[in-house]
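K.L.:
Structure: target-v1.txt, compact mmCIF, C-alpha atoms.
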# COMPACT_ATOMS: atom_id res chain seq x y z
CA GLN A 28 -70.99 13.77 150.41
CA VAL A 29 -69.03 10.64 149.57
CA GLN A 30 -65.97 10.24 151.79
CA LEU A 31 -63.31 7.55 152.07
CA VAL A 32 -60.75 7.97 154.85
CA GLU A 33 -57.76 5.64 155.05
CA SER A 34 -55.76 5.02 158.21
CA GLY A 35 -53.28 2.55 159.65
CA GLY A 36 -50.20 3.24 157.57
CA GLY A 37 -46.76 3.68 159.01
CA LEU A 38 -43.20 2.41 159.17
CA VAL A 39 -42.67 -1.33 159.65
CA GLN A 40 -39.70 -3.66 159.37
CA PRO A 41 -39.54 -6.32 156.67
CA GLY A 42 -41.56 -9.34 157.72
CA GLY A 43 -43.86 -7.22 159.84
CA SER A 44 -47.59 -6.57 159.62
CA LEU A 45 -49.94 -3.63 159.27
CA ARG A 46 -53.70 -3.32 159.07
CA LEU A 47 -55.14 -0.55 156.93
CA SER A 48 -58.67 0.73 157.38
CA CYS A 49 -60.93 2.61 154.99
CA ALA A 50 -63.89 4.32 156.64
CA CYS A 51 -66.67 5.10 154.15
CA SER A 52 -69.61 7.46 154.33
CA GLY A 53 -72.08 9.31 152.15
CA PHE A 54 -73.25 6.37 150.06
CA THR A 55 -74.90 2.94 150.32
CA PHE A 56 -71.82 0.99 151.32
CA SER A 57 -73.34 -2.46 150.80
CA ASN A 58 -73.81 -1.66 147.09
CA ALA A 59 -70.19 -0.70 146.51
CA ALA A 60 -67.20 -2.61 145.28
CA VAL A 61 -64.24 -1.39 147.32
CA SER A 62 -60.63 -1.87 146.48
CA TRP A 63 -57.15 -1.01 147.66
CA TYR A 64 -54.60 0.43 145.28
CA ARG A 65 -51.03 1.49 145.86
CA GLN A 66 -48.59 3.81 144.18
CA ALA A 67 -44.86 3.72 144.73
CA PRO A 68 -42.60 6.65 143.78
CA GLY A 69 -42.07 6.77 140.03
CA LYS A 70 -44.56 3.98 139.38
CA GLU A 71 -48.14 3.79 138.23
CA ARG A 72 -50.97 3.18 140.65
CA GLU A 73 -51.77 -0.53 140.81
CA LEU A 74 -54.62 -2.64 142.13
CA VAL A 75 -53.76 -4.55 145.30
CA ALA A 76 -57.04 -6.15 146.37
CA LEU A 77 -60.75 -5.89 145.69
CA THR A 78 -63.92 -6.85 147.54
CA SER A 79 -67.16 -6.84 145.57
CA ALA A 80 -70.55 -5.83 146.91
CA TYR A 81 -71.23 -9.54 147.29
CA GLY A 82 -68.08 -10.13 149.31
CA SER A 83 -65.99 -11.89 146.70
CA THR A 84 -62.33 -10.94 146.67
CA ASN A 85 -59.42 -10.66 144.24
CA TYR A 86 -55.74 -9.99 144.77
CA ALA A 87 -52.72 -8.93 142.80
CA ASP A 88 -50.34 -11.84 142.32
CA SER A 89 -47.66 -9.95 144.23
CA VAL A 90 -49.69 -9.95 147.46
CA LYS A 91 -51.56 -13.27 147.30
CA GLY A 92 -51.06 -15.28 150.47
CA ARG A 93 -49.77 -12.23 152.37
CA PHE A 94 -52.60 -9.67 152.23
CA THR A 95 -56.27 -10.12 153.15
CA ILE A 96 -59.07 -7.72 152.28
CA SER A 97 -62.28 -7.74 154.31
CA ARG A 98 -65.35 -5.58 154.68
CA ASP A 99 -67.78 -4.76 157.48
CA ASN A 100 -71.11 -3.60 156.05
CA VAL A 101 -72.33 -2.52 159.50
CA LYS A 102 -69.33 -0.30 160.21
CA LYS A 103 -69.10 0.70 156.52
CA ALA A 104 -65.41 -0.06 156.46
CA VAL A 105 -62.93 -2.07 154.46
CA TYR A 106 -59.70 -3.43 155.87
CA LEU A 107 -56.43 -4.62 154.39
CA GLN A 108 -54.43 -6.95 156.62
CA MET A 109 -50.86 -6.99 155.35
CA ASN A 110 -48.49 -9.67 156.62
CA SER A 111 -44.94 -10.64 155.71
CA LEU A 112 -44.33 -7.15 154.39
CA LYS A 113 -41.47 -6.56 151.97
CA PRO A 114 -39.59 -3.37 151.06
CA GLU A 115 -41.27 -3.49 147.65
CA ASP A 116 -44.64 -3.04 149.39
CA THR A 117 -43.61 0.51 150.23
CA ALA A 118 -46.14 2.88 148.66
CA VAL A 119 -49.05 5.18 149.31
CA TYR A 120 -52.13 2.98 149.68
CA TYR A 121 -55.48 4.28 148.45
CA CYS A 122 -59.03 3.09 148.99
CA LYS A 123 -61.47 3.27 146.06
CA ALA A 124 -65.24 2.77 146.04
CA VAL A 125 -67.30 2.10 142.93
CA THR A 126 -71.05 1.90 142.52
CA GLY A 127 -73.26 2.25 139.47
CA SER A 128 -73.26 6.02 139.90
CA PHE A 129 -69.80 7.10 141.06
CA VAL A 130 -66.16 6.35 141.62
CA SER A 131 -64.47 7.85 144.65
CA TRP A 132 -60.95 7.74 146.10
CA GLY A 133 -59.54 8.37 149.52
CA GLN A 134 -56.54 10.59 150.23
CA GLY A 135 -54.13 7.71 150.81
CA THR A 136 -51.97 6.45 153.65
CA GLN A 137 -48.22 5.91 153.49
CA VAL A 138 -46.78 2.46 154.14
CA THR A 139 -43.01 2.20 154.44
CA VAL A 140 -41.28 -1.15 154.85
CA SER A 141 -37.68 -0.66 155.88
CA SER A 142 -35.15 -1.85 158.42
I'd like the structure from this file rewritten - as structure tokens, please.
P.N.:
Amino acid sequence: QVQLVESGGGLVQPGGSLRLSCACSGFTFSNAAVSWYRQAPGKERELVALTSAYGSTNYADSVKGRFTISRDNVKKAVYLQMNSLKPEDTAVYYCKAVTGSFVSWGQGTQVTVSS
């Protein structure tokens, strides 16, 4: 079955870095657009970054220049490198995969930016 498993979250000080990973299985990874979303307490889930099946990328304005999304079609994984983290980046981060036949979400990983 389709599975997306996020990892790499944690507690980091402002200005620090984290690298999130999303391990994918159960589908043809190279055909999927994969994105990272986040949801802070009391707020709606929002798109952070997207990588298409062709490798093109898009970012929310709030993370441009600080976050980098990448994919490894051999390992079937997507990564989110987060630098210069701010307290407002605190949220649960989710991985989402979309193909022509399904949409699937991971369970999320908590990122907390605090001193």
K.L.:
Taking (-53.4, 6.3, 156.1) in the file's own coordinates, collect the residues within 12 Å, counting only C-alpha atoms, and hand them back as a short mmCIF file (atom, residue, chain, number, x, y, z; two decimals) with C-alpha atoms, in the frame of the given file.
P.N.:
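The resulting file, selection.cif, is shown below:
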data_model
loop_
_atom_site.label_atom_id
_atom_site.label_comp_id
_atom_site.auth_asym_id
_atom_site.auth_seq_id
_atom_site.Cartn_x
_atom_site.Cartn_y
_atom_site.Cartn_z
CA LEU A 31 -63.31 7.55 152.07
CA VAL A 32 -60.75 7.97 154.85
CA GLU A 33 -57.76 5.64 155.05
CA SER A 34 -55.76 5.02 158.21
CA GLY A 35 -53.28 2.55 159.65
CA GLY A 36 -50.20 3.24 157.57
CA GLY A 37 -46.76 3.68 159.01
CA LEU A 38 -43.20 2.41 159.17
CA LEU A 45 -49.94 -3.63 159.27
CA ARG A 46 -53.70 -3.32 159.07
CA LEU A 47 -55.14 -0.55 156.93
CA SER A 48 -58.67 0.73 157.38
CA CYS A 49 -60.93 2.61 154.99
CA ALA A 50 -63.89 4.32 156.64
CA TRP A 63 -57.15 -1.01 147.66
CA ARG A 65 -51.03 1.49 145.86
CA TYR A 106 -59.70 -3.43 155.87
CA LEU A 107 -56.43 -4.62 154.39
CA ALA A 118 -46.14 2.88 148.66
CA VAL A 119 -49.05 5.18 149.31
CA TYR A 120 -52.13 2.98 149.68
CA TYR A 121 -55.48 4.28 148.45
CA CYS A 122 -59.03 3.09 148.99
CA GLY A 133 -59.54 8.37 149.52
CA GLN A 134 -56.54 10.59 150.23
CA GLY A 135 -54.13 7.71 150.81
CA THR A 136 -51.97 6.45 153.65
CA GLN A 137 -48.22 5.91 153.49
CA VAL A 138 -46.78 2.46 154.14
CA THR A 139 -43.01 2.20 154.44
#
K.L.:
Which residues come within 12 Å of Phe129 (chain A), counting only C-alpha atoms, excluding same-chain residues fewer than 5 positions away, as a PyMOL selection string?
P.N.:
chain A and resi 28-30+53-55+58-61+123-124
K.L.:
Could you check the closest approach to Val75 (chain A) for each of A:Gln40, A:Ser62, A:Ser131, A:Ser52 and tell me which residue wins, using all atoms listed in the file?
P.N.:
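For Val75 (chain A), the nearest of the candidates is A:Ser62.
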K.L.:
Counting all atoms listed in the file, what is within 8 Å of Ala76 (chain A), bar same-chain residues fewer than 5 positions away, as a list in words?
P.N.:
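Counting only the stated atoms, we get Ser62, Trp63, Tyr64, Thr84, Asn85, Tyr86, Ala87, Thr95 and Ile96 of chain A.
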K.L.:
Looking at all atoms listed in the file, which of A:Val39, A:Cys51, A:Leu74, A:Val105 is the one that sits closest to Thr117 (chain A)?
P.N.:
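Ranking A:Val39, A:Cys51, A:Leu74, A:Val105 by distance to Thr117 (chain A), first place goes to A:Val39.
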K.L.:
Any idea what the distance is between CA of Asp88 (chain A) and CA of Lys113 (chain A)?
P.N.:
14.1 Å
K.L.:
Quick one: pull the distance between CA of Ser142 (chain A) and CA of Lys91 (chain A), Å, one decimal.
P.N.:
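Going from CA of Ser142 (chain A) over to CA of Lys91 (chain A) covers 22.9 Å.
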K.L.:
So which one's closest to Asn110 (chain A), A:Val90, A:Ser97, A:Thr126, A:Gln66? Using all atoms listed in the file, please.
P.N.:
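Distance minimum relative to Asn110 (chain A) lands on A:Val90.
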K.L.:
Nearest to Ser44 (chain A): which of A:Val130, A:Gly82, A:Asp116, A:Met109 is it, counting only C-alpha atoms?
P.N.:
A:Met109
K.L.:
Return the padded bounding box of region 39-48 of chain A as AutoDock Vina command-line options: axis-aligned, built from all atoms listed in the file, 5 Å added on each side, with centre and edge lengths in Å to one decimal.
P.N.:
--center_x -49.1 --center_y -4.3 --center_z 158.3 --size_x 29.1 --size_y 20.1 --size_z 13.2
K.L.:
Between A:Ala80, A:Arg98, A:Gly43, A:Pro114, which one has atoms that come closest to Ala67 (chain A), using all atoms listed in the file?
P.N.:
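Closest residue, counting all atoms listed in the file: A:Pro114.
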K.L.:
Suppose you want the space between CA of Arg72 (chain A) and CA of Asn100 (chain A); what is it in Å?
P.N.:
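One can read the CA of Arg72 (chain A) to CA of Asn100 (chain A) distance as 26.2 Å.
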K.L.:
Complete region 66-82 of chain A at the level of N, CA, C and O atoms, written as a tab-separated table (two decimals), in the frame of the given file.
P.N.:
chain	number	residue	atom	x	y	z
A	66	GLN	N	-49.45	3.13	145.13
A	66	GLN	CA	-48.59	3.81	144.18
A	66	GLN	C	-47.25	4.09	144.83
A	66	GLN	O	-47.17	4.83	145.82
A	67	ALA	N	-46.21	3.50	144.27
A	67	ALA	CA	-44.86	3.72	144.73
A	67	ALA	C	-44.25	4.88	143.94
A	67	ALA	O	-44.69	5.18	142.82
A	68	PRO	N	-43.22	5.53	144.49
A	68	PRO	CA	-42.60	6.65	143.78
A	68	PRO	C	-42.12	6.24	142.39
A	68	PRO	O	-41.45	5.21	142.23
A	69	GLY	N	-42.51	7.02	141.40
A	69	GLY	CA	-42.07	6.77	140.03
A	69	GLY	C	-42.80	5.65	139.32
A	69	GLY	O	-42.45	5.30	138.19
A	70	LYS	N	-43.81	5.09	139.99
A	70	LYS	CA	-44.56	3.98	139.38
A	70	LYS	C	-46.03	4.33	139.25
A	70	LYS	O	-46.53	5.25	139.90
A	71	GLU	N	-46.71	3.58	138.40
A	71	GLU	CA	-48.14	3.79	138.23
A	71	GLU	C	-48.92	3.19	139.40
A	71	GLU	O	-48.45	2.24	140.06
A	72	ARG	N	-50.10	3.73	139.63
A	72	ARG	CA	-50.97	3.18	140.65
A	72	ARG	C	-51.42	1.79	140.22
A	72	ARG	O	-51.80	1.59	139.06
A	73	GLU	N	-51.40	0.83	141.15
A	73	GLU	CA	-51.77	-0.53	140.81
A	73	GLU	C	-52.78	-1.08	141.80
A	73	GLU	O	-52.77	-0.74	142.98
A	74	LEU	N	-53.63	-1.98	141.29
A	74	LEU	CA	-54.62	-2.64	142.13
A	74	LEU	C	-53.94	-3.65	143.04
A	74	LEU	O	-53.13	-4.45	142.58
A	75	VAL	N	-54.29	-3.60	144.32
A	75	VAL	CA	-53.76	-4.55	145.30
A	75	VAL	C	-54.78	-5.63	145.62
A	75	VAL	O	-54.49	-6.82	145.57
A	76	ALA	N	-56.00	-5.20	145.97
A	76	ALA	CA	-57.04	-6.15	146.37
A	76	ALA	C	-58.40	-5.50	146.19
A	76	ALA	O	-58.53	-4.28	146.27
A	77	LEU	N	-59.40	-6.36	145.95
A	77	LEU	CA	-60.75	-5.89	145.69
A	77	LEU	C	-61.75	-6.75	146.45
A	77	LEU	O	-61.60	-7.97	146.51
A	78	THR	N	-62.78	-6.12	147.01
A	78	THR	CA	-63.92	-6.85	147.54
A	78	THR	C	-65.18	-6.33	146.85
A	78	THR	O	-65.43	-5.12	146.82
A	79	SER	N	-65.95	-7.25	146.28
A	79	SER	CA	-67.16	-6.84	145.57
A	79	SER	C	-68.28	-6.57	146.57
A	79	SER	O	-68.16	-6.84	147.77
A	80	ALA	N	-69.39	-6.06	146.06
A	80	ALA	CA	-70.55	-5.83	146.91
A	80	ALA	C	-71.08	-7.13	147.50
A	80	ALA	O	-71.74	-7.13	148.54
A	81	TYR	N	-70.77	-8.23	146.83
A	81	TYR	CA	-71.23	-9.54	147.29
A	81	TYR	C	-70.23	-10.23	148.22
A	81	TYR	O	-70.51	-11.32	148.72
A	82	GLY	N	-69.07	-9.58	148.40
A	82	GLY	CA	-68.08	-10.13	149.31
A	82	GLY	C	-67.01	-10.97	148.67
A	82	GLY	O	-66.11	-11.46	149.37
